[in-house]
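See below for my_file.cif, which holds mmCIF, C-alpha atoms.
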data_my_file
loop_
_atom_site.label_atom_id
_atom_site.label_comp_id
_atom_site.auth_asym_id
_atom_site.auth_seq_id
_atom_site.Cartn_x
_atom_site.Cartn_y
_atom_site.Cartn_z
CA MET A 1 -57.11 13.48 2.58
CA SER A 2 -57.31 9.84 3.51
CA THR A 3 -54.63 7.91 5.29
CA GLU A 4 -53.84 5.89 2.15
CA THR A 5 -53.35 9.08 0.12
CA GLN A 6 -51.01 10.52 2.77
CA LEU A 7 -48.93 7.39 2.63
CA LEU A 8 -48.68 7.64 -1.16
CA VAL A 9 -47.50 11.26 -1.16
CA ALA A 10 -45.23 10.92 1.87
CA PRO A 11 -41.72 12.21 1.10
CA GLN A 12 -39.28 9.54 0.08
CA PRO A 13 -35.77 9.45 1.51
CA ALA A 14 -33.20 11.25 -0.62
CA SER A 15 -31.16 9.05 -2.89
CA GLY A 16 -27.53 9.33 -4.00
CA ARG A 17 -25.35 11.62 -1.94
CA GLY A 18 -28.12 12.43 0.54
CA ARG A 19 -28.60 8.81 1.51
CA ARG A 20 -26.45 7.82 4.41
CA LYS A 21 -24.83 4.48 4.36
CA ALA A 22 -25.85 2.15 7.07
CA ALA A 23 -23.20 2.00 9.73
CA SER A 24 -21.36 -1.28 9.46
CA PRO A 25 -21.08 -3.14 12.74
CA ARG A 26 -17.67 -2.91 14.36
CA LYS A 27 -15.66 -6.07 14.42
CA LYS A 28 -14.70 -7.24 17.85
CA LEU A 29 -11.00 -7.62 18.46
CA THR A 30 -9.77 -11.07 19.25
CA VAL A 31 -7.47 -11.83 22.16
CA GLY A 32 -4.57 -12.34 19.77
CA GLN A 33 -5.10 -8.95 18.11
CA ILE A 34 -5.26 -7.21 21.47
CA VAL A 35 -2.01 -8.85 22.56
CA VAL A 36 -0.32 -7.80 19.32
CA MET A 37 -1.51 -4.20 19.73
CA VAL A 38 -0.27 -4.07 23.32
CA VAL A 39 3.13 -5.45 22.31
CA LEU A 40 3.41 -2.94 19.45
CA ALA A 41 2.45 -0.07 21.76
CA VAL A 42 5.14 -1.11 24.24
CA LEU A 43 7.74 -1.36 21.46
CA VAL A 44 6.80 2.07 20.10
CA LEU A 45 7.10 3.52 23.60
CA ILE A 46 10.53 1.93 24.08
CA VAL A 47 11.80 3.21 20.72
CA ALA A 48 10.33 6.69 21.14
CA SER A 49 11.35 7.20 24.78
CA PRO A 50 14.93 8.38 24.01
CA VAL A 51 13.60 10.89 21.48
CA ILE A 52 10.96 12.15 23.91
CA TYR A 53 13.60 12.41 26.64
CA ALA A 54 15.92 14.42 24.40
CA LEU A 55 13.05 16.65 23.26
CA LEU A 56 12.04 17.49 26.82
CA ASN A 57 15.63 18.18 27.87
CA SER A 58 16.11 20.49 24.87
CA PHE A 59 13.82 22.94 26.68
CA ARG A 60 15.67 22.71 30.03
CA SER A 61 18.71 24.60 31.27
CA TYR A 62 22.05 23.02 32.11
CA ALA A 63 21.40 23.48 35.85
CA GLU A 64 18.02 21.75 35.64
CA ILE A 65 19.43 18.80 33.71
CA THR A 66 22.35 18.23 36.07
CA LYS A 67 20.18 18.65 39.17
CA ASP A 68 17.38 16.34 38.03
CA PRO A 69 18.16 14.48 34.76
CA MET A 70 14.76 12.77 34.65
CA GLY A 71 12.72 15.86 35.49
CA LEU A 72 10.32 17.81 33.30
CA PRO A 73 10.87 21.33 31.92
CA THR A 74 9.69 24.11 34.22
CA GLN A 75 9.07 26.34 31.19
CA PHE A 76 9.16 25.81 27.44
CA THR A 77 11.56 28.31 25.84
CA LEU A 78 13.68 28.28 22.69
CA ASP A 79 16.79 29.66 24.40
CA ASN A 80 18.74 26.45 23.84
CA TYR A 81 17.97 26.49 20.11
CA VAL A 82 19.18 30.09 19.83
CA GLN A 83 22.33 29.39 21.86
CA LEU A 84 23.09 26.32 19.77
CA PHE A 85 23.65 28.45 16.66
CA GLN A 86 25.22 31.39 18.51
CA GLN A 87 27.72 29.58 20.72
CA THR A 88 28.70 26.59 18.55
CA ASP A 89 29.53 25.78 14.93
CA TYR A 90 26.29 23.84 14.52
CA GLY A 91 25.04 26.10 11.72
CA GLU A 92 28.17 25.54 9.61
CA ALA A 93 28.08 21.84 10.41
CA LEU A 94 24.46 21.71 9.25
CA VAL A 95 25.42 23.28 5.91
CA ASN A 96 28.35 20.84 5.54
CA THR A 97 26.06 17.88 6.18
CA LEU A 98 23.57 19.15 3.61
CA ILE A 99 26.31 19.64 0.99
CA ILE A 100 27.77 16.17 1.58
CA THR A 101 24.37 14.47 1.46
CA VAL A 102 23.05 16.23 -1.65
CA ALA A 103 26.31 16.07 -3.63
CA THR A 104 26.87 12.39 -2.87
CA VAL A 105 23.30 11.38 -3.72
CA VAL A 106 23.37 13.32 -7.00
CA LEU A 107 26.67 11.73 -8.03
CA LEU A 108 25.43 8.27 -7.07
CA VAL A 109 22.27 8.63 -9.16
CA ALA A 110 24.27 9.98 -12.10
CA ILE A 111 27.00 7.30 -12.06
CA VAL A 112 25.85 4.06 -10.43
CA PRO A 113 22.83 3.25 -12.66
CA MET A 114 24.93 3.81 -15.80
CA ALA A 115 27.73 1.64 -14.40
CA ALA A 116 25.27 -1.14 -13.62
CA TYR A 117 23.76 -0.80 -17.09
CA GLY A 118 27.21 -1.10 -18.64
CA ILE A 119 27.94 -4.23 -16.62
CA GLU A 120 24.65 -5.90 -17.51
CA ARG A 121 24.28 -4.82 -21.15
CA VAL A 122 27.60 -3.63 -22.56
CA GLY A 123 30.33 -5.26 -20.51
CA GLY A 124 30.59 -8.51 -22.42
CA ARG A 125 32.95 -11.09 -20.92
CA THR A 126 34.56 -8.59 -18.59
CA SER A 127 31.24 -7.63 -17.01
CA ARG A 128 31.33 -10.54 -14.57
CA PHE A 129 34.81 -9.58 -13.45
CA MET A 130 33.78 -5.95 -12.97
CA TYR A 131 30.73 -7.04 -11.01
CA ILE A 132 32.88 -9.16 -8.69
CA LEU A 133 35.22 -6.20 -8.11
CA PHE A 134 32.33 -4.01 -7.04
CA ILE A 135 30.91 -6.71 -4.77
CA ALA A 136 34.35 -7.14 -3.19
CA GLY A 137 34.04 -3.55 -2.02
CA LEU A 138 31.20 -4.65 0.25
CA MET A 139 33.36 -7.35 1.82
CA ILE A 140 36.40 -5.22 2.66
CA PRO A 141 35.94 -3.44 6.02
CA PHE A 142 36.30 0.32 5.97
CA GLN A 143 38.91 0.15 8.75
CA VAL A 144 41.25 -1.64 6.33
CA ARG A 145 40.98 1.17 3.76
CA MET A 146 40.89 4.04 6.24
CA ILE A 147 44.64 4.64 6.79
CA PRO A 148 45.62 4.42 3.08
CA LEU A 149 42.77 6.77 2.19
CA VAL A 150 43.81 9.34 4.82
CA LYS A 151 47.43 9.25 3.60
CA GLY A 152 46.36 9.48 -0.04
CA PHE A 153 44.05 12.45 0.49
CA ASN A 154 46.69 14.16 2.59
CA GLU A 155 49.29 13.82 -0.18
CA VAL A 156 47.02 15.35 -2.83
CA GLY A 157 45.78 18.11 -0.53
CA LEU A 158 42.19 16.87 -0.12
CA TYR A 159 42.36 15.86 3.53
CA SER A 160 39.98 17.77 5.81
CA THR A 161 37.83 18.88 2.88
CA LEU A 162 34.24 18.06 2.05
CA THR A 163 35.47 16.59 -1.24
CA SER A 164 37.32 13.80 0.59
CA VAL A 165 34.19 12.86 2.56
CA ILE A 166 32.07 12.87 -0.60
CA LEU A 167 34.55 10.66 -2.47
CA VAL A 168 34.80 8.16 0.38
CA HIS A 169 31.00 7.94 0.63
CA LEU A 170 30.76 7.65 -3.14
CA GLY A 171 33.15 4.72 -3.27
CA GLY A 172 31.49 2.94 -0.38
CA ALA A 173 27.93 3.33 -1.62
CA ALA A 174 28.74 2.45 -5.25
CA SER A 175 29.22 -1.25 -4.43
CA PHE A 176 25.80 -1.53 -2.83
CA GLY A 177 24.26 0.44 -5.69
CA ILE A 178 25.79 -1.83 -8.32
CA LEU A 179 24.44 -4.88 -6.52
CA LEU A 180 20.97 -3.34 -6.30
CA TYR A 181 20.75 -2.02 -9.87
CA CYS A 182 22.28 -5.11 -11.52
CA SER A 183 19.73 -7.30 -9.76
CA PHE A 184 16.92 -5.06 -10.98
CA LEU A 185 18.22 -4.72 -14.55
CA LYS A 186 18.00 -8.48 -15.04
CA SER A 187 14.21 -8.10 -15.05
CA VAL A 188 14.13 -5.18 -17.52
CA PRO A 189 13.15 -6.48 -20.98
CA ILE A 190 15.84 -5.94 -23.61
CA ASP A 191 13.25 -5.68 -26.41
CA VAL A 192 12.60 -2.00 -25.70
CA GLU A 193 16.31 -1.25 -25.97
CA GLU A 194 16.56 -3.09 -29.27
CA ALA A 195 13.59 -1.13 -30.60
CA ALA A 196 15.28 2.13 -29.61
CA SER A 197 18.49 1.00 -31.30
CA ILE A 198 16.60 0.30 -34.53
CA ASP A 199 15.18 3.83 -34.36
CA GLY A 200 18.71 5.20 -34.21
CA ALA A 201 19.08 5.94 -30.49
CA GLY A 202 22.53 5.56 -29.00
CA ARG A 203 23.45 3.88 -25.76
CA LEU A 204 23.26 7.02 -23.63
CA ARG A 205 19.96 8.16 -25.08
CA THR A 206 18.50 4.66 -24.72
CA PHE A 207 19.55 4.51 -21.11
CA TRP A 208 18.35 7.95 -19.99
CA SER A 209 15.17 8.03 -22.09
CA ILE A 210 13.98 4.44 -21.81
CA VAL A 211 15.85 2.37 -19.23
CA PHE A 212 16.32 4.90 -16.43
CA PRO A 213 12.58 5.73 -16.10
CA MET A 214 11.99 2.01 -15.61
CA LEU A 215 14.49 2.09 -12.73
CA LEU A 216 12.64 4.74 -10.72
CA PRO A 217 11.26 2.31 -8.07
CA VAL A 218 14.71 0.97 -7.19
CA THR A 219 16.21 4.45 -7.54
CA SER A 220 13.81 5.89 -4.97
CA ALA A 221 14.71 3.16 -2.48
CA PHE A 222 18.44 3.63 -3.15
CA VAL A 223 18.24 7.40 -2.72
CA ILE A 224 16.35 7.19 0.57
CA ILE A 225 18.73 4.59 2.03
CA GLN A 226 21.80 6.58 1.07
CA ALA A 227 20.38 9.97 2.08
CA LEU A 228 19.49 8.74 5.57
CA GLY A 229 22.87 7.03 5.94
CA LEU A 230 24.79 10.10 4.79
CA TRP A 231 22.85 12.49 7.00
CA ASN A 232 23.38 10.36 10.11
CA ASP A 233 26.97 9.30 9.41
CA PHE A 234 29.50 10.06 12.11
CA PHE A 235 32.66 7.99 11.64
CA ILE A 236 33.79 9.06 8.15
CA PRO A 237 33.47 12.83 8.77
CA LEU A 238 35.21 12.35 12.13
CA VAL A 239 38.19 10.70 10.42
CA PHE A 240 38.48 12.86 7.29
CA LEU A 241 37.65 16.28 8.78
CA ASP A 242 40.06 17.58 11.41
CA SER A 243 39.37 20.10 14.16
CA SER A 244 39.91 23.06 11.82
CA SER A 245 36.60 22.21 10.15
CA ALA A 246 33.17 22.46 11.75
CA GLY A 247 32.51 18.91 10.58
CA THR A 248 29.02 17.55 10.25
CA ILE A 249 26.13 17.77 12.69
CA ASN A 250 27.05 14.55 14.47
CA VAL A 251 30.69 15.59 14.75
CA ALA A 252 29.62 19.00 16.07
CA ILE A 253 27.44 17.35 18.71
CA ASN A 254 30.31 15.05 19.70
CA ARG A 255 32.59 18.04 20.23
CA MET A 256 30.16 19.43 22.80
CA VAL A 257 31.03 16.50 25.07
CA GLY A 258 34.04 17.61 27.12
CA LEU A 259 36.40 15.75 29.42
CA LEU A 260 35.21 17.58 32.53
CA THR A 261 32.00 19.31 31.51
CA SER A 262 29.48 18.76 28.73
CA GLN A 263 26.88 21.13 27.30
CA TRP A 264 24.00 18.72 27.79
CA GLN A 265 21.28 21.24 27.02
CA LEU A 266 22.89 21.97 23.63
CA ILE A 267 23.63 18.30 22.97
CA TYR A 268 19.97 17.35 23.34
CA THR A 269 18.92 20.34 21.23
CA GLY A 270 21.35 19.46 18.45
CA ALA A 271 20.23 15.84 18.51
CA ILE A 272 16.57 16.84 18.06
CA LEU A 273 17.42 19.13 15.13
CA ALA A 274 19.46 16.33 13.54
CA ILE A 275 16.55 13.89 13.80
CA ILE A 276 13.93 16.14 12.18
CA PRO A 277 15.24 15.95 8.55
CA SER A 278 15.60 12.16 8.74
CA VAL A 279 12.06 11.71 9.99
CA ALA A 280 10.71 14.16 7.40
CA ILE A 281 12.51 12.44 4.51
CA PHE A 282 11.34 8.98 5.50
CA ALA A 283 7.78 10.12 6.20
CA ALA A 284 7.52 11.90 2.84
CA PHE A 285 8.96 9.05 0.74
CA GLN A 286 7.94 6.04 2.81
CA ARG A 287 5.61 4.61 0.18
CA TYR A 288 8.25 4.96 -2.54
CA PHE A 289 10.81 3.28 -0.28
CA ILE A 290 8.56 0.31 0.48
CA LYS A 291 7.52 0.02 -3.17
CA GLY A 292 11.11 0.11 -4.40
CA MET A 293 12.31 -2.49 -1.92
CA SER A 294 9.36 -4.79 -2.61
CA VAL A 295 9.85 -4.52 -6.39
CA GLY A 296 13.53 -5.24 -6.01
CA ALA A 297 12.80 -8.24 -3.79
CA VAL A 298 10.32 -9.70 -6.28
CA LYS A 299 12.26 -8.99 -9.46
CA GLY A 300 15.81 -9.27 -8.12
#
For the structure just supplied, provide its representation as structure tokens.
Amino acid sequence: MSTETQLLVAPQPASGRGRRKAASPRKKLTVGQIVVMVVLAVLVLIVASPVIYALLNSFRSYAEITKDPMGLPTQFTLDNYVQLFQQTDYGEALVNTLIITVATVVLLVAIVPMAAYGIERVGGRTSRFMYILFIAGLMIPFQVRMIPLVKGFNEVGLYSTLTSVILVHLGGAASFGILLYCSFLKSVPIDVEEAASIDGAGRLRTFWSIVFPMLLPVTSAFVIIQALGLWNDFFIPLVFLDSSSAGTINVAINRMVGLLTSQWQLIYTGAILAIIPSVAIFAAFQRYFIKGMSVGAVKG
């Protein structure tokens, strides 16, 4: 076979999936980009250093921590995590925190969007006055309302109950929710509601079947903000739950700090366990949070 014939029958490179894309040349980083990356790395290290410090100390004993606070664990054991649930009320506090967070978020989603819809669509002349009342709730400091609320709950027998904490959170978060939803509802076209009314749908059915699905971006952002705030709240449970209750996780951690001695190994362990749900929630719903806030910023 001649050389020309061999060239004609030579195997051709595979096409489609078998063909490898030519490697694109890497772009060289500019001096400005390198500086930005270094600054971001330093900031991440500064923000993460307390968490890393607490994580390492959660594996150390009380004697090791008091002897050398900045040292490293000699061995990685889960003894502190076991002792945290055996020697303290952290388990009950964890359940209380979960109940408060879930119940408050569910009530907020069930009530606040409907209230905002009533102000924007049904309220008439009184809607502006109602809106101002809700916004005024954002301007009044909680310290001004704290004493009257404690006395009121004590008189009706709700003081030092999870119900009192849920109601206080509900009232405080409703004002922010009204502001957020009313701003978003201004951009929702009223034509779809009128079409549903012509078809015979009532106000409630129109809201839940048509309007509420259109509010999902802002609802996701609202739920994440409130869930993280409720889970990490310390002051309200401290005020409305006395020492007879296990409190919430942050209150339980605070009670481990004594006047003379403190259970540092359990404090660091409880802090790490308290951080994990917050990080998991934000990591799982980060894109919905950013989308909801960006939509609200553009349409609000």
Neighbour list for range 58-63 of chain A as a list in words, cut-off 10 Å, only C-alpha atoms, skip fewer than 5 positions in-chain: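 Non-adjacent residues within range: Ile52, Tyr53, Asp68, Pro69, Gly71, Leu72, Pro73, Thr74, Gln75, Phe76, Thr77, Leu78, Asp79, Asn80, Tyr81, Ser262, Gln263, Trp264, Gln265, Leu266, Ile267, Tyr268, Thr269, Gly270, Ala271, Ile272 and Leu273 of chain A.
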Residues returned when the PyMOL selection byres ((chain A and resi 171) around 12) runs on this file, as a VMD selection string: chain A and resid 104 to 105 107 to 108 111 to 112 134 to 138 142 145 149 164 to 170 172 to 178
Go ahead and save the picked residues with C-alpha atoms, as an mmCIF file, in the coordinates of the input.
data_model
loop_
_atom_site.group_PDB
_atom_site.id
_atom_site.type_symbol
_atom_site.label_atom_id
_atom_site.label_comp_id
_atom_site.auth_asym_id
_atom_site.auth_seq_id
_atom_site.Cartn_x
_atom_site.Cartn_y
_atom_site.Cartn_z
ATOM 1 C CA THR A 104 26.870 12.390 -2.870
ATOM 2 C CA VAL A 105 23.300 11.380 -3.720
ATOM 3 C CA LEU A 107 26.670 11.730 -8.030
ATOM 4 C CA LEU A 108 25.430 8.270 -7.070
ATOM 5 C CA ILE A 111 27.000 7.300 -12.060
ATOM 6 C CA VAL A 112 25.850 4.060 -10.430
ATOM 7 C CA PHE A 134 32.330 -4.010 -7.040
ATOM 8 C CA ILE A 135 30.910 -6.710 -4.770
ATOM 9 C CA ALA A 136 34.350 -7.140 -3.190
ATOM 10 C CA GLY A 137 34.040 -3.550 -2.020
ATOM 11 C CA LEU A 138 31.200 -4.650 0.250
ATOM 12 C CA PHE A 142 36.300 0.320 5.970
ATOM 13 C CA ARG A 145 40.980 1.170 3.760
ATOM 14 C CA LEU A 149 42.770 6.770 2.190
ATOM 15 C CA SER A 164 37.320 13.800 0.590
ATOM 16 C CA VAL A 165 34.190 12.860 2.560
ATOM 17 C CA ILE A 166 32.070 12.870 -0.600
ATOM 18 C CA LEU A 167 34.550 10.660 -2.470
ATOM 19 C CA VAL A 168 34.800 8.160 0.380
ATOM 20 C CA HIS A 169 31.000 7.940 0.630
ATOM 21 C CA LEU A 170 30.760 7.650 -3.140
ATOM 22 C CA GLY A 172 31.490 2.940 -0.380
ATOM 23 C CA ALA A 173 27.930 3.330 -1.620
ATOM 24 C CA ALA A 174 28.740 2.450 -5.250
ATOM 25 C CA SER A 175 29.220 -1.250 -4.430
ATOM 26 C CA PHE A 176 25.800 -1.530 -2.830
ATOM 27 C CA GLY A 177 24.260 0.440 -5.690
ATOM 28 C CA ILE A 178 25.790 -1.830 -8.320
#
Reference answer for the PyMOL selection byres ((chain A and resi 91-103) around 8), as a PyMOL selection string: chain A and resi 85+88-90+104-107+162+165-166+227+230-231+246-249+252
Separation of CA of Gly200 in chain A from CA of Phe184 in chain A, in Å and rounded to one decimal: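 Those two atoms sit 25.5 Å apart.
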Within 10 Å of range 121-129 of chain A using all atoms listed in the file, minus same-chain residues under 3 positions, as a VMD selection string: chain A and resid 115 to 118 132 to 135 182 185 to 186 190 193 203
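Atom pair CA of Tyr181 in chain A / CA of Ser220 in chain A: separated by 11.6 Å.
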Selection under test: the PyMOL selection byres ((chain A and resi 210) around 12); residues as an MDAnalysis selection string: chainID A and resid 188:197 201:209 211:216
Interatomic distance, CA of Ala54 in chain A to CA of Met37 in chain A (Å, one decimal): 25.9 Å
Best match for closeness to Lys151 in chain A among A:Leu55, A:Val257, A:Val38, A:Val239, counting all atoms listed in the file: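 Result for the nearest residue to Lys151 in chain A: A:Val239.
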